[in-house]
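Source file protein31.csv; content: CSV, C-alpha atoms and all ligand atoms.
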chain,number,residue,atom,x,y,z
Y,147,MET,CA,53.5,-12.9,-31.5
Y,148,ARG,CA,53.2,-9.2,-31.7
Y,149,LEU,CA,52.7,-7.9,-35.3
Y,150,ASP,CA,54.4,-4.7,-36.4
Y,151,SER,CA,53.9,-2.5,-39.5
Y,152,THR,CA,56.3,-4.5,-41.5
Y,153,ASP,CA,54.5,-7.8,-40.7
Y,154,ILE,CA,51.2,-6.2,-41.7
Y,155,ARG,CA,52.7,-4.9,-45.0
Y,156,ILE,CA,54.0,-8.3,-45.8
Y,157,LEU,CA,50.6,-9.9,-45.0
Y,158,LYS,CA,48.8,-7.4,-47.2
Y,159,LEU,CA,51.1,-8.1,-50.2
Y,160,LEU,CA,50.6,-11.8,-49.7
Y,161,GLU,CA,46.9,-11.4,-49.4
Y,162,ASP,CA,46.8,-9.7,-52.7
Y,163,ASP,CA,49.0,-12.2,-54.4
Y,164,SER,CA,50.1,-15.3,-52.5
Y,165,ARG,CA,52.7,-16.1,-55.2
Y,166,ILE,CA,54.5,-12.8,-54.9
Y,167,SER,CA,58.2,-13.4,-54.7
Y,168,HIS,CA,60.4,-12.6,-51.7
Y,169,LYS,CA,62.4,-10.5,-54.0
Y,170,ARG,CA,59.4,-8.4,-55.0
Y,171,ILE,CA,58.3,-8.0,-51.4
Y,172,ALA,CA,61.9,-6.9,-50.5
Y,173,GLU,CA,61.9,-4.3,-53.3
Y,174,LEU,CA,58.5,-2.9,-52.4
Y,175,LEU,CA,59.1,-2.7,-48.7
Y,176,ASN,CA,62.8,-1.7,-48.8
Y,177,LEU,CA,63.9,-4.8,-47.0
Y,178,SER,CA,66.5,-7.5,-47.6
Y,179,ARG,CA,65.4,-10.8,-49.0
Y,180,PRO,CA,66.6,-12.8,-45.9
Y,181,THR,CA,64.5,-10.4,-43.7
Y,182,VAL,CA,61.4,-11.1,-45.8
Y,183,LYS,CA,62.1,-14.8,-45.7
Y,184,SER,CA,62.5,-14.9,-42.0
Y,185,ARG,CA,59.5,-12.7,-41.3
Y,186,ILE,CA,57.3,-14.9,-43.4
Y,187,GLY,CA,58.7,-18.0,-41.7
Y,188,LYS,CA,57.8,-16.5,-38.3
Y,189,LEU,CA,54.3,-15.6,-39.5
Y,190,ILE,CA,53.8,-19.2,-40.6
Y,191,ASN,CA,55.3,-20.7,-37.5
Y,192,ASN,CA,53.1,-18.5,-35.3
Y,193,GLY,CA,49.9,-19.5,-37.1
Y,194,ILE,CA,49.4,-15.9,-38.4
Y,195,ILE,CA,49.6,-17.2,-42.0
Y,196,LYS,CA,47.4,-20.3,-42.0
Y,197,ARG,CA,47.8,-21.2,-45.7
Y,198,PHE,CA,48.5,-19.8,-49.1
Y,199,THR,CA,45.3,-20.1,-51.0
Y,200,VAL,CA,43.7,-19.7,-54.4
Y,201,GLN,CA,40.6,-17.7,-55.3
Y,202,ILE,CA,38.6,-19.5,-58.0
Y,203,GLY,CA,37.0,-17.3,-60.7
Y,204,LYS,CA,33.2,-17.2,-61.1
Y,205,GLU,CA,33.6,-18.7,-64.6
Y,206,ALA,CA,34.5,-22.0,-63.1
Y,207,LEU,CA,31.6,-22.2,-60.7
Y,208,LYS,CA,28.2,-23.7,-61.2
Y,209,GLU,CA,25.4,-21.2,-61.1
Y,210,ASN,CA,24.4,-21.2,-57.5
Y,211,ILE,CA,21.4,-19.8,-55.7
Y,212,THR,CA,22.0,-17.7,-52.6
Y,213,LEU,CA,19.3,-17.7,-50.0
Y,214,PHE,CA,18.8,-15.4,-47.0
Y,215,ILE,CA,16.8,-17.1,-44.3
Y,216,MET,CA,15.3,-15.6,-41.2
Y,217,ALA,CA,14.3,-17.9,-38.3
Y,218,SER,CA,13.0,-17.5,-34.8
Y,219,SER,CA,15.2,-20.0,-33.0
Y,220,LEU,CA,18.5,-21.7,-33.4
Y,221,ASN,CA,18.4,-25.5,-33.5
Y,222,LYS,CA,21.9,-27.0,-33.1
Y,223,LYS,CA,21.2,-29.1,-36.1
Y,224,ILE,CA,21.3,-26.0,-38.3
Y,225,LEU,CA,25.0,-25.6,-37.5
Y,226,GLU,CA,25.6,-28.9,-39.3
Y,227,ILE,CA,23.9,-28.0,-42.6
Y,228,ASP,CA,26.7,-27.5,-45.1
Y,229,GLU,CA,24.6,-25.3,-47.4
Y,230,ILE,CA,24.3,-22.7,-44.7
Y,231,VAL,CA,27.5,-20.7,-44.9
Y,232,GLU,CA,26.8,-17.9,-42.5
Y,233,ILE,CA,24.6,-17.5,-39.4
Y,234,TYR,CA,24.1,-14.3,-37.5
Y,235,ARG,CA,22.2,-13.4,-34.4
Y,236,VAL,CA,20.5,-10.1,-35.2
Y,237,THR,CA,18.1,-7.6,-33.8
Y,238,GLY,CA,14.5,-7.7,-35.0
Y,239,GLU,CA,11.5,-10.0,-35.0
Y,240,LYS,CA,13.4,-13.0,-36.2
Y,241,PRO,CA,16.7,-13.1,-34.4
Y,242,LEU,CA,18.5,-15.5,-36.7
Y,243,LEU,CA,19.8,-14.5,-40.1
Y,244,MET,CA,21.4,-17.1,-42.3
Y,245,LYS,CA,23.0,-17.2,-45.7
Y,246,ALA,CA,22.8,-20.4,-47.7
Y,247,VAL,CA,24.2,-21.4,-51.0
Y,248,VAL,CA,22.5,-24.2,-52.9
Y,249,GLY,CA,22.9,-25.8,-56.3
Y,250,GLY,CA,19.4,-25.1,-57.7
Y,251,MET,CA,15.7,-24.5,-56.9
Y,252,LYS,CA,15.1,-28.2,-55.9
Y,253,GLU,CA,17.9,-28.0,-53.3
Y,254,ALA,CA,16.5,-24.6,-52.2
Y,255,VAL,CA,13.1,-26.1,-51.5
Y,256,GLU,CA,14.7,-29.1,-49.7
Y,257,LEU,CA,16.7,-26.8,-47.5
Y,258,ALA,CA,13.7,-24.7,-46.7
Y,259,ASP,CA,11.7,-27.8,-45.7
Y,260,LYS,CA,14.5,-29.1,-43.5
Y,261,LEU,CA,14.9,-25.7,-41.8
Y,262,SER,CA,11.2,-25.3,-41.1
Y,263,GLU,CA,11.3,-28.7,-39.5
Y,264,PHE,CA,14.1,-27.5,-37.1
Y,265,SER,CA,13.1,-23.9,-36.6
Y,266,GLY,CA,9.4,-23.7,-37.4
Y,267,ASP,CA,8.3,-20.5,-38.9
Y,268,ILE,CA,11.0,-19.3,-41.3
Y,269,VAL,CA,11.3,-16.6,-44.0
Y,270,VAL,CA,13.3,-17.4,-47.1
Y,271,GLU,CA,14.4,-14.8,-49.6
Y,272,ILE,CA,16.2,-15.6,-52.8
Y,273,ALA,CA,19.0,-13.4,-53.9
Y,274,LEU,CA,18.4,-12.1,-57.4
Y,275,GLU,CA,21.7,-10.5,-58.1
Y,276,ASN,CA,24.9,-10.0,-56.3
Y,277,LEU,CA,25.9,-6.3,-56.6
Y,278,LYS,CA,28.8,-6.3,-54.3
Y,279,SER,CA,30.7,-9.0,-52.5
Y,280,GLU,CA,33.8,-8.4,-50.6
Y,281,GLU,CA,35.3,-9.9,-47.5
Y,282,ALA,CA,35.2,-7.4,-44.7
Y,283,GLU,CA,38.7,-6.1,-44.4
Y,284,PRO,CA,39.9,-7.6,-41.2
Y,285,VAL,CA,41.4,-5.3,-38.6
Y,286,LEU,CA,44.6,-6.8,-37.6
Y,287,LYS,CA,46.0,-6.7,-34.1
Y,288,ALA,CA,49.3,-5.0,-34.4
Y,289,GLU,CA,51.5,-2.3,-33.1
Y,290,TYR,CA,52.0,0.1,-36.0
Y,291,THR,CA,54.8,2.6,-36.3
Y,292,CYS,CA,53.8,6.0,-37.6
Y,293,ASP,CA,55.6,6.4,-41.0
Y,294,TYR,CA,56.1,10.1,-40.3
Y,295,CYS,CA,57.0,10.6,-36.6
Y,296,GLY,CA,57.9,7.0,-35.6
Y,297,SER,CA,55.6,6.8,-32.6
Y,298,THR,CA,53.5,3.6,-32.2
Y,299,THR,CA,49.8,3.3,-32.4
Y,300,ASN,CA,47.2,0.5,-32.4
Y,301,THR,CA,44.7,2.5,-34.4
Y,302,PRO,CA,46.6,3.9,-37.4
Y,303,ILE,CA,45.3,6.0,-40.2
Y,304,ILE,CA,46.0,4.0,-43.3
Y,305,PHE,CA,47.2,5.6,-46.6
Y,306,LYS,CA,48.0,3.5,-49.6
Y,307,HIS,CA,51.0,4.8,-51.6
Y,308,HIS,CA,52.5,2.9,-54.5
Y,309,ASN,CA,50.6,-0.3,-53.5
Y,310,VAL,CA,52.2,-0.3,-50.0
Y,311,GLU,CA,50.2,0.8,-47.0
Y,312,ARG,CA,51.6,3.6,-44.9
Y,313,TYR,CA,50.5,4.0,-41.3
Y,314,PHE,CA,50.1,7.3,-39.4
Y,315,CYS,CA,49.4,8.1,-35.8
Y,316,CYS,CA,47.3,11.2,-36.6
Y,317,PRO,CA,46.0,13.3,-39.5
Y,318,VAL,CA,48.8,15.8,-39.0
Y,319,CYS,CA,51.5,13.2,-39.6
Y,320,LEU,CA,49.6,11.9,-42.7
Y,321,LYS,CA,49.4,15.5,-44.0
Y,322,ASN,CA,53.0,16.1,-43.4
Y,323,TYR,CA,54.0,12.8,-45.0
Y,324,ARG,CA,51.9,13.6,-48.1
Y,325,ARG,CA,53.4,17.0,-48.4
Y,326,ALA,CA,57.0,15.5,-48.1
Y,327,VAL,CA,56.1,12.9,-50.8
Y,328,ARG,CA,54.8,15.7,-53.1
Y,329,GLU,CA,57.9,17.8,-52.6
Y,330,SER,CA,60.3,15.0,-53.2
Y,331,ARG,CA,58.9,14.4,-56.7
Q,401,ZN,ZN,53.0,10.3,-36.2
For this file, produce the structure as structure tokens.
Amino acid sequence: MRLDSTDIRILKLLEDDSRISHKRIAELLNLSRPTVKSRIGKLINNGIIKRFTVQIGKEALKENITLFIMASSLNKKILEIDEIVEIYRVTGEKPLLMKAVVGGMKEAVELADKLSEFSGDIVVEIALENLKSEEAEPVLKAEYTCDYCGSTTNTPIIFKHHNVERYFCCPVCLKNYRRAVRESR
């Protein structure tokens, strides 16, 4: 399925609030409700929308300890450890970087023991404070229509206006669009 600007806008609104009504989406994007409904249906059927999910607030979560672990080699068994939530191959002396989340210090020590069994010499750092945590904004594969000139582009310039993303093929179109919006007010 090839995504277009409208699909992307619908996805972004649902990402912000998966309970947003079709009516509200239709209003925001200037579409009819049946269009919104059928677009979302298509996104689901094509596996673009996997599920509508919930983000649980920190208040409800047990105080966890986050660990960053560097290791020299990847043992396949590491992939099966549930506490390890991310693994990257990186440049540097120790080419494996892992992030783990454990329930307490005892669990942290147990995990470190297990890992050194698998990977030998490891370095474990305990995260003291999380200053910023955001999912990387995924870049979606789509064909965007420039909201100013109507040409299509795969690499749009994104400008958020009234909570809805606008897409432009080039800085000139963005500039012209912004000027037109200013003048229409
Ligand atoms: Zn353009």
Contacts with ligand ZN 401 (chain Q) at most 8 Å, only C-alpha atoms and all ligand atoms counted, listed as a PyMOL selection string:
chain Y and resi 291-298+314-316+318-320
One decimal, in Å: what's the spacing between atom CA of Ile195 of chain Y and atom CA of Ile171 of chain Y?
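Result for atom CA of Ile195 of chain Y versus atom CA of Ile171 of chain Y: 15.8 Å, one decimal.
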Pick from Y:Ile303, Y:Leu286, Y:Ile156, Y:Ile211 nearest to Arg185 of chain Y, counting only C-alpha atoms:
Y:Ile156
Counting only C-alpha atoms, find residues at most 12 Å from (59.6, -10.9, -51.5) (file frame) and give them as a CSV table (one decimal) with C-alpha atoms, in the frame of the given file.
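File selection36.csv, as written:
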chain,number,residue,atom,x,y,z
Y,155,ARG,CA,52.7,-4.9,-45.0
Y,156,ILE,CA,54.0,-8.3,-45.8
Y,157,LEU,CA,50.6,-9.9,-45.0
Y,159,LEU,CA,51.1,-8.1,-50.2
Y,160,LEU,CA,50.6,-11.8,-49.7
Y,163,ASP,CA,49.0,-12.2,-54.4
Y,164,SER,CA,50.1,-15.3,-52.5
Y,165,ARG,CA,52.7,-16.1,-55.2
Y,166,ILE,CA,54.5,-12.8,-54.9
Y,167,SER,CA,58.2,-13.4,-54.7
Y,168,HIS,CA,60.4,-12.6,-51.7
Y,169,LYS,CA,62.4,-10.5,-54.0
Y,170,ARG,CA,59.4,-8.4,-55.0
Y,171,ILE,CA,58.3,-8.0,-51.4
Y,172,ALA,CA,61.9,-6.9,-50.5
Y,173,GLU,CA,61.9,-4.3,-53.3
Y,174,LEU,CA,58.5,-2.9,-52.4
Y,175,LEU,CA,59.1,-2.7,-48.7
Y,176,ASN,CA,62.8,-1.7,-48.8
Y,177,LEU,CA,63.9,-4.8,-47.0
Y,178,SER,CA,66.5,-7.5,-47.6
Y,179,ARG,CA,65.4,-10.8,-49.0
Y,180,PRO,CA,66.6,-12.8,-45.9
Y,181,THR,CA,64.5,-10.4,-43.7
Y,182,VAL,CA,61.4,-11.1,-45.8
Y,183,LYS,CA,62.1,-14.8,-45.7
Y,184,SER,CA,62.5,-14.9,-42.0
Y,185,ARG,CA,59.5,-12.7,-41.3
Y,186,ILE,CA,57.3,-14.9,-43.4
Considering all atoms listed in the file, return as an MDAnalysis selection string whatever protein or nucleic-acid residues lie within 10 Å of Lys208 of chain Y, sequence-local ones (same chain, fewer than 3 positions apart) excluded.
chainID Y and resid 204:205 211 249:250
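Taking all atoms listed in the file into account, Ala217 of chain Y lies nearest to Y:Arg235 out of the set Y:Arg148, Y:Lys188, Y:Lys196, Y:Arg235.
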What is the atom CA of Ile154 of chain Y to atom CA of Val200 of chain Y distance in Å?
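Those two atoms sit 20.0 Å apart.
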Nearest residue to Met244 of chain Y out of Y:Ile272, Y:Lys222, Y:Phe214, Y:Leu261, using only C-alpha atoms?
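Among Y:Ile272, Y:Lys222, Y:Phe214, Y:Leu261, it is Y:Phe214 that comes nearest to Met244 of chain Y.
Between atom CA of Arg197 of chain Y and atom CA of Ile224 of chain Y the separation is 27.9 Å.
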Non-local contacts of Tyr290 of chain Y (7 Å; all atoms listed in the file; under 2 positions in same chain excluded) as a list in words:
Asp150, Ser151, Ala288, Cys292, Thr298, Thr299, Asn300, Pro302 and Tyr313 of chain Y
Which of Y:Val231, Y:Val236, Y:Ile304, Y:Ile215 sits closest to Ser262 of chain Y [using all atoms listed in the file]:
Y:Ile215
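Closest approach to Leu189 of chain Y among Y:Val255, Y:Val269, Y:Met147, Y:Ile230 is made by Y:Met147 (distances from all atoms listed in the file).
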Between Y:Asn322, Y:Asn309, Y:Asn191, Y:Asn210, which has the minimum distance to Asn276 of chain Y (counting all atoms listed in the file)?
Y:Asn210
Complete the atom set of segment 285-297 of chain Y to N, CA and C atoms and return it as a PDB file, keeping the file's coordinate frame.
ATOM      1  N   VAL Y 285      40.483  -6.218 -39.341  1.00  0.00           N
ATOM      2  CA  VAL Y 285      41.400  -5.300 -38.600  1.00  0.00           C
ATOM      3  C   VAL Y 285      42.374  -6.157 -37.869  1.00  0.00           C
ATOM      4  N   LEU Y 286      43.627  -5.981 -38.169  1.00  0.00           N
ATOM      5  CA  LEU Y 286      44.600  -6.800 -37.600  1.00  0.00           C
ATOM      6  C   LEU Y 286      45.197  -6.226 -36.302  1.00  0.00           C
ATOM      7  N   LYS Y 287      45.406  -7.116 -35.339  1.00  0.00           N
ATOM      8  CA  LYS Y 287      46.000  -6.700 -34.100  1.00  0.00           C
ATOM      9  C   LYS Y 287      47.459  -6.452 -34.274  1.00  0.00           C
ATOM     10  N   ALA Y 288      47.901  -5.249 -34.143  1.00  0.00           N
ATOM     11  CA  ALA Y 288      49.300  -5.000 -34.400  1.00  0.00           C
ATOM     12  C   ALA Y 288      49.720  -3.692 -33.707  1.00  0.00           C
ATOM     13  N   GLU Y 289      51.013  -3.543 -33.558  1.00  0.00           N
ATOM     14  CA  GLU Y 289      51.500  -2.300 -33.100  1.00  0.00           C
ATOM     15  C   GLU Y 289      52.143  -1.593 -34.333  1.00  0.00           C
ATOM     16  N   TYR Y 290      51.517  -0.526 -34.769  1.00  0.00           N
ATOM     17  CA  TYR Y 290      52.000   0.100 -36.000  1.00  0.00           C
ATOM     18  C   TYR Y 290      52.910   1.275 -35.625  1.00  0.00           C
ATOM     19  N   THR Y 291      53.917   1.434 -36.468  1.00  0.00           N
ATOM     20  CA  THR Y 291      54.800   2.600 -36.300  1.00  0.00           C
ATOM     21  C   THR Y 291      54.420   3.646 -37.265  1.00  0.00           C
ATOM     22  N   CYS Y 292      54.222   4.833 -36.772  1.00  0.00           N
ATOM     23  CA  CYS Y 292      53.800   6.000 -37.600  1.00  0.00           C
ATOM     24  C   CYS Y 292      54.963   6.201 -38.639  1.00  0.00           C
ATOM     25  N   ASP Y 293      54.618   6.247 -39.925  1.00  0.00           N
ATOM     26  CA  ASP Y 293      55.600   6.400 -41.000  1.00  0.00           C
ATOM     27  C   ASP Y 293      56.130   7.851 -41.045  1.00  0.00           C
ATOM     28  N   TYR Y 294      55.562   8.717 -40.254  1.00  0.00           N
ATOM     29  CA  TYR Y 294      56.100  10.100 -40.300  1.00  0.00           C
ATOM     30  C   TYR Y 294      56.895  10.372 -39.011  1.00  0.00           C
ATOM     31  N   CYS Y 295      56.291  10.163 -37.839  1.00  0.00           N
ATOM     32  CA  CYS Y 295      57.000  10.600 -36.600  1.00  0.00           C
ATOM     33  C   CYS Y 295      57.614   9.406 -35.855  1.00  0.00           C
ATOM     34  N   GLY Y 296      57.258   8.172 -36.234  1.00  0.00           N
ATOM     35  CA  GLY Y 296      57.900   7.000 -35.600  1.00  0.00           C
ATOM     36  C   GLY Y 296      57.252   6.585 -34.288  1.00  0.00           C
ATOM     37  N   SER Y 297      56.206   7.260 -33.850  1.00  0.00           N
ATOM     38  CA  SER Y 297      55.600   6.800 -32.600  1.00  0.00           C
ATOM     39  C   SER Y 297      54.672   5.590 -32.944  1.00  0.00           C
TER      40      SER Y 297
END
